[in-house]
Structure formats: C-alpha cells, structure tokens
>>> print(open('entry.cif').read())   # mmCIF, C-alpha atoms
data_start
loop_
_atom_site.label_atom_id
_atom_site.label_comp_id
_atom_site.auth_asym_id
_atom_site.auth_seq_id
_atom_site.Cartn_x
_atom_site.Cartn_y
_atom_site.Cartn_z
CA ARG Y 12 0.00 0.00 0.00
CA ALA Y 13 1.02 3.53 -0.68
CA PRO Y 14 1.99 5.86 2.15
CA VAL Y 15 -0.70 8.29 3.27
CA VAL Y 16 0.13 11.71 1.83
CA HIS Y 17 -1.43 15.19 1.58
CA VAL Y 18 -1.66 15.24 5.39
CA ASP Y 19 -0.85 18.34 7.42
CA TRP Y 20 0.71 18.23 10.91
CA CYS Y 21 -2.62 18.51 12.76
CA ASP Y 22 -4.24 15.69 10.77
CA ALA Y 23 -1.18 13.47 11.33
CA LEU Y 24 -1.39 14.14 15.08
CA ALA Y 25 -5.14 13.46 15.12
CA TYR Y 26 -4.77 10.17 13.24
CA CYS Y 27 -1.99 8.88 15.50
CA THR Y 28 -4.03 9.80 18.57
CA TRP Y 29 -7.12 8.09 17.13
CA ALA Y 30 -5.02 4.95 16.46
CA GLY Y 31 -3.81 4.88 20.09
CA LYS Y 32 -0.31 5.96 19.09
CA TYR Y 33 1.48 9.30 18.73
CA LEU Y 34 3.71 11.27 16.41
CA CYS Y 35 7.30 10.25 17.12
CA GLY Y 36 8.90 12.61 19.63
CA LYS Y 37 11.39 12.79 22.48
CA VAL Y 38 11.92 9.54 24.39
CA GLU Y 39 13.67 8.52 27.58
CA ALA Y 40 14.10 4.86 28.54
CA GLY Y 41 11.94 3.86 25.56
CA ARG Y 42 8.92 6.01 26.49
CA LYS Y 43 7.76 9.27 24.95
CA VAL Y 44 8.29 12.20 27.29
CA GLY Y 45 7.32 15.10 24.99
CA ASN Y 46 8.21 16.81 21.78
CA VAL Y 47 11.72 17.10 20.36
CA SER Y 48 13.12 20.53 21.20
CA ILE Y 49 15.34 22.64 18.98
CA GLU Y 50 18.28 21.55 21.13
CA GLY Y 51 17.31 17.89 20.59
CA LEU Y 52 17.16 17.99 16.79
CA SER Y 53 20.48 16.19 16.41
CA ASP Y 54 20.30 14.05 19.56
CA PHE Y 55 20.23 10.47 18.30
CA ARG Y 56 19.76 9.21 21.86
CA SER Y 57 16.40 10.91 22.59
CA HIS Y 58 14.89 11.70 19.18
CA GLN Y 59 12.64 8.68 18.56
CA TRP Y 60 12.48 9.02 14.77
CA MET Y 61 16.27 9.29 14.53
CA LEU Y 62 16.75 6.33 16.90
CA ALA Y 63 14.60 4.18 14.64
CA CYS Y 64 16.22 5.36 11.41
CA SER Y 65 19.81 5.03 12.61
CA ALA Y 66 19.62 1.76 14.59
CA GLU Y 67 20.14 3.69 17.81
CA ALA Y 68 22.84 6.00 16.40
CA ARG Y 69 24.89 3.20 14.81
CA ARG Y 70 24.19 4.24 11.19
CA ARG Y 71 24.11 7.51 9.27
CA TYR Y 72 21.58 6.02 6.83
CA PRO Y 73 18.98 3.35 7.64
CA TYR Y 74 21.07 0.79 5.75
CA GLY Y 75 24.60 1.74 6.87
CA PRO Y 76 27.33 4.38 7.10
CA LEU Y 77 27.76 5.30 3.41
CA TYR Y 78 25.28 6.75 0.92
CA ASP Y 79 23.91 4.27 -1.64
CA PRO Y 80 21.68 5.92 -4.29
CA GLY Y 81 19.81 2.68 -5.02
CA LYS Y 82 18.71 1.80 -1.49
CA CYS Y 83 15.88 4.29 -0.85
CA ASN Y 84 13.26 6.08 -2.95
CA LEU Y 85 15.10 9.36 -3.38
CA ALA Y 86 15.44 11.22 -6.69
CA ASP Y 87 18.55 9.15 -7.48
CA LEU Y 88 16.29 6.08 -7.81
CA ASP Y 89 14.24 8.06 -10.37
CA ALA Y 90 10.80 6.68 -9.45
CA GLY Y 91 9.31 10.18 -9.63
CA LYS Y 92 6.59 9.40 -7.06
CA ALA Y 93 5.93 7.76 -3.73
CA LEU Y 94 6.12 3.98 -4.00
CA PRO Y 95 4.14 1.37 -2.04
CA VAL Y 96 5.53 0.96 1.47
CA GLY Y 97 8.43 -1.50 1.56
CA THR Y 98 9.17 -1.41 -2.18
CA THR Y 99 12.80 -0.56 -1.36
CA PRO Y 100 13.57 -3.17 1.34
CA GLY Y 101 17.16 -1.93 1.75
CA CYS Y 102 15.80 1.28 3.27
CA GLY Y 103 14.19 -0.32 6.31
CA GLY Y 104 15.74 1.32 9.33
CA GLY Y 105 17.29 0.10 12.52
CA PHE Y 106 14.50 -2.22 13.64
CA GLU Y 107 12.52 -5.00 11.99
CA GLY Y 108 9.25 -3.87 10.46
CA LEU Y 109 10.37 -0.33 9.59
CA PHE Y 110 10.27 0.71 5.96
CA ASP Y 111 11.22 3.78 3.94
CA MET Y 112 13.01 5.64 6.72
CA ILE Y 113 14.49 8.02 4.16
CA GLY Y 114 13.03 8.78 0.79
CA ASN Y 115 9.50 8.07 -0.36
CA VAL Y 116 7.78 10.87 1.64
CA TRP Y 117 8.76 13.43 4.26
CA GLU Y 118 7.36 12.54 7.69
CA TRP Y 119 5.91 14.87 10.29
CA TYR Y 120 7.07 14.22 13.84
CA ASP Y 121 6.41 15.82 17.21
CA GLY Y 122 9.26 18.27 17.00
CA PRO Y 123 9.96 21.93 17.28
CA CYS Y 124 7.45 24.24 15.69
CA SER Y 125 7.93 27.97 15.62
CA ASP Y 126 5.55 30.86 15.70
CA GLY Y 127 7.14 34.14 14.73
CA GLY Y 128 10.58 32.71 15.59
CA LEU Y 129 9.56 31.53 19.07
CA GLU Y 130 9.46 27.80 19.73
CA VAL Y 131 6.01 26.48 20.66
CA ASP Y 132 5.00 23.08 22.04
CA GLY Y 133 5.18 20.77 19.06
CA GLY Y 134 2.83 22.93 17.03
CA GLN Y 135 -0.11 22.34 19.37
CA SER Y 136 -0.63 25.93 20.43
CA GLY Y 137 -3.74 27.21 18.73
CA HIS Y 138 -3.15 29.19 15.55
CA ALA Y 139 -1.02 27.86 12.70
CA SER Y 140 2.68 27.90 13.46
CA ASP Y 141 5.14 29.29 10.97
CA GLY Y 142 6.94 25.98 10.67
CA CYS Y 143 7.04 22.43 12.00
CA SER Y 144 9.70 19.78 11.43
CA LEU Y 145 9.79 16.76 9.15
CA LYS Y 146 12.29 13.93 8.64
CA GLY Y 147 13.25 11.46 5.98
CA GLY Y 148 13.28 13.17 2.62
CA SER Y 149 11.07 12.28 -0.31
CA TYR Y 150 11.16 10.84 -3.80
CA GLY Y 151 12.03 14.34 -5.06
CA ASP Y 152 15.16 14.83 -2.92
CA ARG Y 153 18.62 13.85 -4.08
CA GLY Y 154 21.96 13.03 -2.59
CA PRO Y 155 23.90 12.04 0.46
CA SER Y 156 22.72 14.97 2.60
CA ILE Y 157 19.35 13.21 3.09
CA ASP Y 158 20.31 11.01 6.02
CA CYS Y 159 18.75 10.10 9.39
CA SER Y 160 19.63 13.51 10.84
CA PHE Y 161 18.35 15.77 8.03
CA ASN Y 162 15.43 18.11 8.90
CA LEU Y 163 12.96 20.08 6.83
CA THR Y 164 10.61 22.75 8.14
CA LEU Y 165 7.21 23.46 6.59
CA ARG Y 166 4.14 25.36 7.74
CA ARG Y 167 2.03 23.18 10.01
CA ASP Y 168 -0.87 23.38 7.55
CA ALA Y 169 1.28 22.30 4.56
CA HIS Y 170 0.41 19.15 2.66
CA SER Y 171 1.60 17.62 -0.61
CA SER Y 172 2.17 14.33 -2.40
CA ALA Y 173 5.64 14.27 -0.81
CA VAL Y 174 4.48 14.74 2.82
CA GLY Y 175 3.15 12.02 5.12
CA PHE Y 176 3.70 10.82 8.67
CA ARG Y 177 4.63 7.85 10.84
CA CYS Y 178 2.93 6.90 14.12
CA CYS Y 179 5.06 5.64 17.00
CA SER Y 180 4.33 3.75 20.20
CA ASN Y 181 6.22 2.83 23.35
#
>>> encode(input="entry.cif", output="structure tokens")
Amino acid sequence: RAPVVHVDWCDALAYCTWAGKYLCGKVEAGRKVGNVSIEGLSDFRSHQWMLACSAEARRRYPYGPLYDPGKCNLADLDAGKALPVGTTPGCGGGFEGLFDMIGNVWEWYDGPCSDGGLEVDGGQSGHASDGCSLKGGSYGDRGPSIDCSFNLTLRRDAHSSAVGFRCCSN
C-alpha cells in the first residue's frame, strides 16, 4: 500500500491519537516524554524518529554508514513518485518492520514548531505555526545529505504528495 500523503501536521497528530499511538517525539528509557526541542534535533539518543532510522545512532543512513543511491526512494532512484511501502527493502531502518526511513515521503514528527521565531509546544498551540519539522526526505530529494539527521521545516498546515507521517508507540 502507498503511504498516506497530503496530510498536514494537525491531521497526522489526530490520526496517530485516534489509532492509540502518537507522532514520534522525544523519548527517555523507551517512552515518549514530549516533543523534540530545537536543542534535541540532532540528539540520536532521545529523538525517537532518529533512533529508529539510525539503529540507535549506529548508522548515518537506515542501511549503513555510506550513501547508496539505489537503497531508498530518493530522486537518485528516479521513481518520480511515492512507491508502495516497503518497495525498497534496503531502506528499512534500525529495527525489523520499519520501511522507507528516508526517501518516499517526508514525515511529520512531534518536533519543534515555531511561531514568529519563538518555539512552541510541538505545534499544538492554537493558531497555525510558521513551521514544524519533518524527517526522511522524499522521492524528489537527491543526494547524500538526506540522512537520518536531516530536517525540513514546513508550515504546520502544509500538505503535498511528498508529505506524510509515521505513528510511534512505546
């Protein structure tokens, strides 16, 4: 099945909550303790999405330490669109059952959102934030810079064929 796309940050949060899960966020001892802060953007030890992508900080990419243009659905693969989940099995991530950790579609997570340059609580504070964070890259992104640590910021109400989400659980 294809990844769910054209979902903004609020709809991703609502779906994960409905499903009894949550948008990936900050974890301690394997349990979510809040949203990823600006200071925690590059912390592989507490950023749940990055932990999953990097096999707990052992890999730069979900498949290993060096970039391989044929492993994930990035522009180098030349698919030109999101592929069904798991089509590129070499892009699985650090744990069994994870697919498409980079490439395919950008993924919203419970990370820093800003409103007029001030950080707000994961984008949950009322009016639309200027920008919320995503991970993973999409089928339209190219090159070795798209790794487990790469971030993108979009308006919380943004949605496109290259933006989706991933639910997490403890």
>>> atom_distance(input="entry.cif", atom1="CA of Leu77 in chain Y", atom2="CA of Gly151 in chain Y")
20.0 Å
>>> resolve_selection(input="entry.cif", expression="the PyMOL selection byres ((chain Y and resi 89) around 12)", output="ChimeraX atom specification")
/Y:80-88,90-94,114-115,149-153
>>> residues_near_point(input="entry.cif", point="(8.2, -4.9, 5.2)", cutoff="12 Å", atoms="only C-alpha atoms", output="JSON, numbers by chain")
{"Y": [12, 95, 96, 97, 98, 99, 100, 101, 102, 103, 104, 106, 107, 108, 109, 110, 111, 112]}
>>> residues_around(input="entry.cif", residues="Lys43 in chain Y", least_positions_apart="4", cutoff="10 Å", atoms="only C-alpha atoms", output="PyMOL selection string")
chain Y and resi 33-39+47+57-59+179-181
>>> write_last_selection(input="entry.cif", atoms="C-alpha atoms", output="PDB file, in the coordinates of the input")
ATOM      1  CA  TYR Y  33       1.480   9.300  18.730  1.00  0.00           C
ATOM      2  CA  LEU Y  34       3.710  11.270  16.410  1.00  0.00           C
ATOM      3  CA  CYS Y  35       7.300  10.250  17.120  1.00  0.00           C
ATOM      4  CA  GLY Y  36       8.900  12.610  19.630  1.00  0.00           C
ATOM      5  CA  LYS Y  37      11.390  12.790  22.480  1.00  0.00           C
ATOM      6  CA  VAL Y  38      11.920   9.540  24.390  1.00  0.00           C
ATOM      7  CA  GLU Y  39      13.670   8.520  27.580  1.00  0.00           C
ATOM      8  CA  VAL Y  47      11.720  17.100  20.360  1.00  0.00           C
ATOM      9  CA  SER Y  57      16.400  10.910  22.590  1.00  0.00           C
ATOM     10  CA  HIS Y  58      14.890  11.700  19.180  1.00  0.00           C
ATOM     11  CA  GLN Y  59      12.640   8.680  18.560  1.00  0.00           C
ATOM     12  CA  CYS Y 179       5.060   5.640  17.000  1.00  0.00           C
ATOM     13  CA  SER Y 180       4.330   3.750  20.200  1.00  0.00           C
ATOM     14  CA  ASN Y 181       6.220   2.830  23.350  1.00  0.00           C
TER      15      ASN Y 181
END
>>> resolve_selection(input="entry.cif", expression="the PyMOL selection byres ((chain Y and resi 21-27) around 9)", output="VMD selection string")
chain Y and resid 18 to 20 28 to 34 119 to 121 134 to 135 167 to 168 175 to 179
>>> closest_residue(input="entry.cif", among="Y:Ser160, Y:Gly105, Y:Leu52, Y:Ser125", to="Ala66 in chain Y", atoms="only C-alpha atoms")
Y:Gly105
>>> resolve_selection(input="entry.cif", expression="the PyMOL selection byres ((chain Y and resi 145) around 9)", output="number ranges by chain")
Y: 117-122, 143-144, 146-148, 161-165, 174, 176
>>> closest_residue(input="entry.cif", among="Y:His17, Y:Arg71, Y:Arg42, Y:Arg166", to="Ile113 in chain Y", atoms="all atoms listed in the file")
Y:Arg71
>>> atom_distance(input="entry.cif", atom1="CA of Cys124 in chain Y", atom2="CA of Asp141 in chain Y")
7.3 Å
>>> atom_distance(input="entry.cif", atom1="CA of Pro123 in chain Y", atom2="CA of Ala63 in chain Y")
18.5 Å
>>> axis_aligned_box(input="entry.cif", around="range 145-157 of chain Y", padding_each_side="3 Å", output="AutoDock Vina command-line options")
--center_x 16.8 --center_y 13.8 --center_z 2.0 --size_x 20.1 --size_y 11.9 --size_z 20.2
>>> closest_residue(input="entry.cif", among="Y:Ala40, Y:Ile157, Y:Gly51, Y:Asp79", to="Cys64 in chain Y", atoms="only C-alpha atoms")
Y:Ile157
>>> residues_near_point(input="entry.cif", point="(23.5, 10.3, 9.7)", cutoff="10 Å", atoms="all atoms listed in the file", output="PyMOL selection string")
chain Y and resi 53+55+61+64-65+68-73+75-78+155-161
>>> closest_residue(input="entry.cif", among="Y:Glu50, Y:Trp60, Y:Gly45, Y:Val116", to="Ala13 in chain Y", atoms="all atoms listed in the file")
Y:Val116
>>> decode(input="entry.cif", residues="range 153-170 of chain Y", atoms="N, CA, C and O atoms", output="mmCIF file, in the first residue's frame")
data_model
loop_
_atom_site.group_PDB
_atom_site.id
_atom_site.type_symbol
_atom_site.label_atom_id
_atom_site.label_comp_id
_atom_site.auth_asym_id
_atom_site.auth_seq_id
_atom_site.Cartn_x
_atom_site.Cartn_y
_atom_site.Cartn_z
ATOM 1 N N ARG Y 153 17.468 14.559 -3.530
ATOM 2 C CA ARG Y 153 18.623 13.853 -4.080
ATOM 3 C C ARG Y 153 19.829 13.989 -3.165
ATOM 4 O O ARG Y 153 20.037 15.010 -2.549
ATOM 5 N N GLY Y 154 20.617 12.950 -3.127
ATOM 6 C CA GLY Y 154 21.962 13.030 -2.586
ATOM 7 C C GLY Y 154 22.189 12.618 -1.161
ATOM 8 O O GLY Y 154 21.260 12.348 -0.407
ATOM 9 N N PRO Y 155 23.469 12.567 -0.836
ATOM 10 C CA PRO Y 155 23.897 12.038 0.461
ATOM 11 C C PRO Y 155 23.532 12.905 1.663
ATOM 12 O O PRO Y 155 23.626 12.452 2.791
ATOM 13 N N SER Y 156 23.087 14.145 1.444
ATOM 14 C CA SER Y 156 22.716 14.972 2.603
ATOM 15 C C SER Y 156 21.419 14.484 3.245
ATOM 16 O O SER Y 156 21.145 14.789 4.412
ATOM 17 N N ILE Y 157 20.600 13.724 2.528
ATOM 18 C CA ILE Y 157 19.348 13.207 3.090
ATOM 19 C C ILE Y 157 19.680 11.938 3.870
ATOM 20 O O ILE Y 157 19.693 10.831 3.344
ATOM 21 N N ASP Y 158 19.976 12.127 5.142
ATOM 22 C CA ASP Y 158 20.310 11.006 6.015
ATOM 23 C C ASP Y 158 19.378 11.029 7.226
ATOM 24 O O ASP Y 158 18.417 11.796 7.260
ATOM 25 N N CYS Y 159 19.641 10.199 8.218
ATOM 26 C CA CYS Y 159 18.749 10.095 9.387
ATOM 27 C C CYS Y 159 18.668 11.388 10.195
ATOM 28 O O CYS Y 159 17.722 11.577 10.949
ATOM 29 N N SER Y 160 19.636 12.286 10.045
ATOM 30 C CA SER Y 160 19.628 13.511 10.840
ATOM 31 C C SER Y 160 19.051 14.721 10.116
ATOM 32 O O SER Y 160 18.829 15.759 10.728
ATOM 33 N N PHE Y 161 18.780 14.619 8.823
ATOM 34 C CA PHE Y 161 18.345 15.766 8.028
ATOM 35 C C PHE Y 161 16.935 16.213 8.416
ATOM 36 O O PHE Y 161 16.047 15.393 8.579
ATOM 37 N N ASN Y 162 16.731 17.518 8.559
ATOM 38 C CA ASN Y 162 15.431 18.114 8.902
ATOM 39 C C ASN Y 162 14.937 19.022 7.793
ATOM 40 O O ASN Y 162 15.723 19.633 7.089
ATOM 41 N N LEU Y 163 13.628 19.111 7.694
ATOM 42 C CA LEU Y 163 12.958 20.080 6.832
ATOM 43 C C LEU Y 163 11.908 20.762 7.695
ATOM 44 O O LEU Y 163 11.335 20.140 8.591
ATOM 45 N N THR Y 164 11.656 22.027 7.433
ATOM 46 C CA THR Y 164 10.607 22.749 8.142
ATOM 47 C C THR Y 164 9.584 23.248 7.133
ATOM 48 O O THR Y 164 9.948 23.842 6.118
ATOM 49 N N LEU Y 165 8.313 22.969 7.407
ATOM 50 C CA LEU Y 165 7.205 23.461 6.591
ATOM 51 C C LEU Y 165 6.142 24.042 7.517
ATOM 52 O O LEU Y 165 6.091 23.703 8.707
ATOM 53 N N ARG Y 166 5.281 24.873 6.955
ATOM 54 C CA ARG Y 166 4.140 25.356 7.745
ATOM 55 C C ARG Y 166 3.331 24.159 8.230
ATOM 56 O O ARG Y 166 3.183 23.172 7.513
ATOM 57 N N ARG Y 167 2.808 24.266 9.415
ATOM 58 C CA ARG Y 167 2.032 23.178 10.012
ATOM 59 C C ARG Y 167 0.840 22.776 9.158
ATOM 60 O O ARG Y 167 0.430 21.620 9.154
ATOM 61 N N ASP Y 168 0.290 23.693 8.385
ATOM 62 C CA ASP Y 168 -0.867 23.382 7.550
ATOM 63 C C ASP Y 168 -0.479 22.957 6.130
ATOM 64 O O ASP Y 168 -1.334 22.783 5.267
ATOM 65 N N ALA Y 169 0.823 22.729 5.882
ATOM 66 C CA ALA Y 169 1.284 22.300 4.560
ATOM 67 C C ALA Y 169 0.926 20.838 4.310
ATOM 68 O O ALA Y 169 0.896 20.017 5.230
ATOM 69 N N HIS Y 170 0.654 20.547 3.048
ATOM 70 C CA HIS Y 170 0.411 19.155 2.659
ATOM 71 C C HIS Y 170 0.753 19.032 1.183
ATOM 72 O O HIS Y 170 0.617 19.976 0.413
#
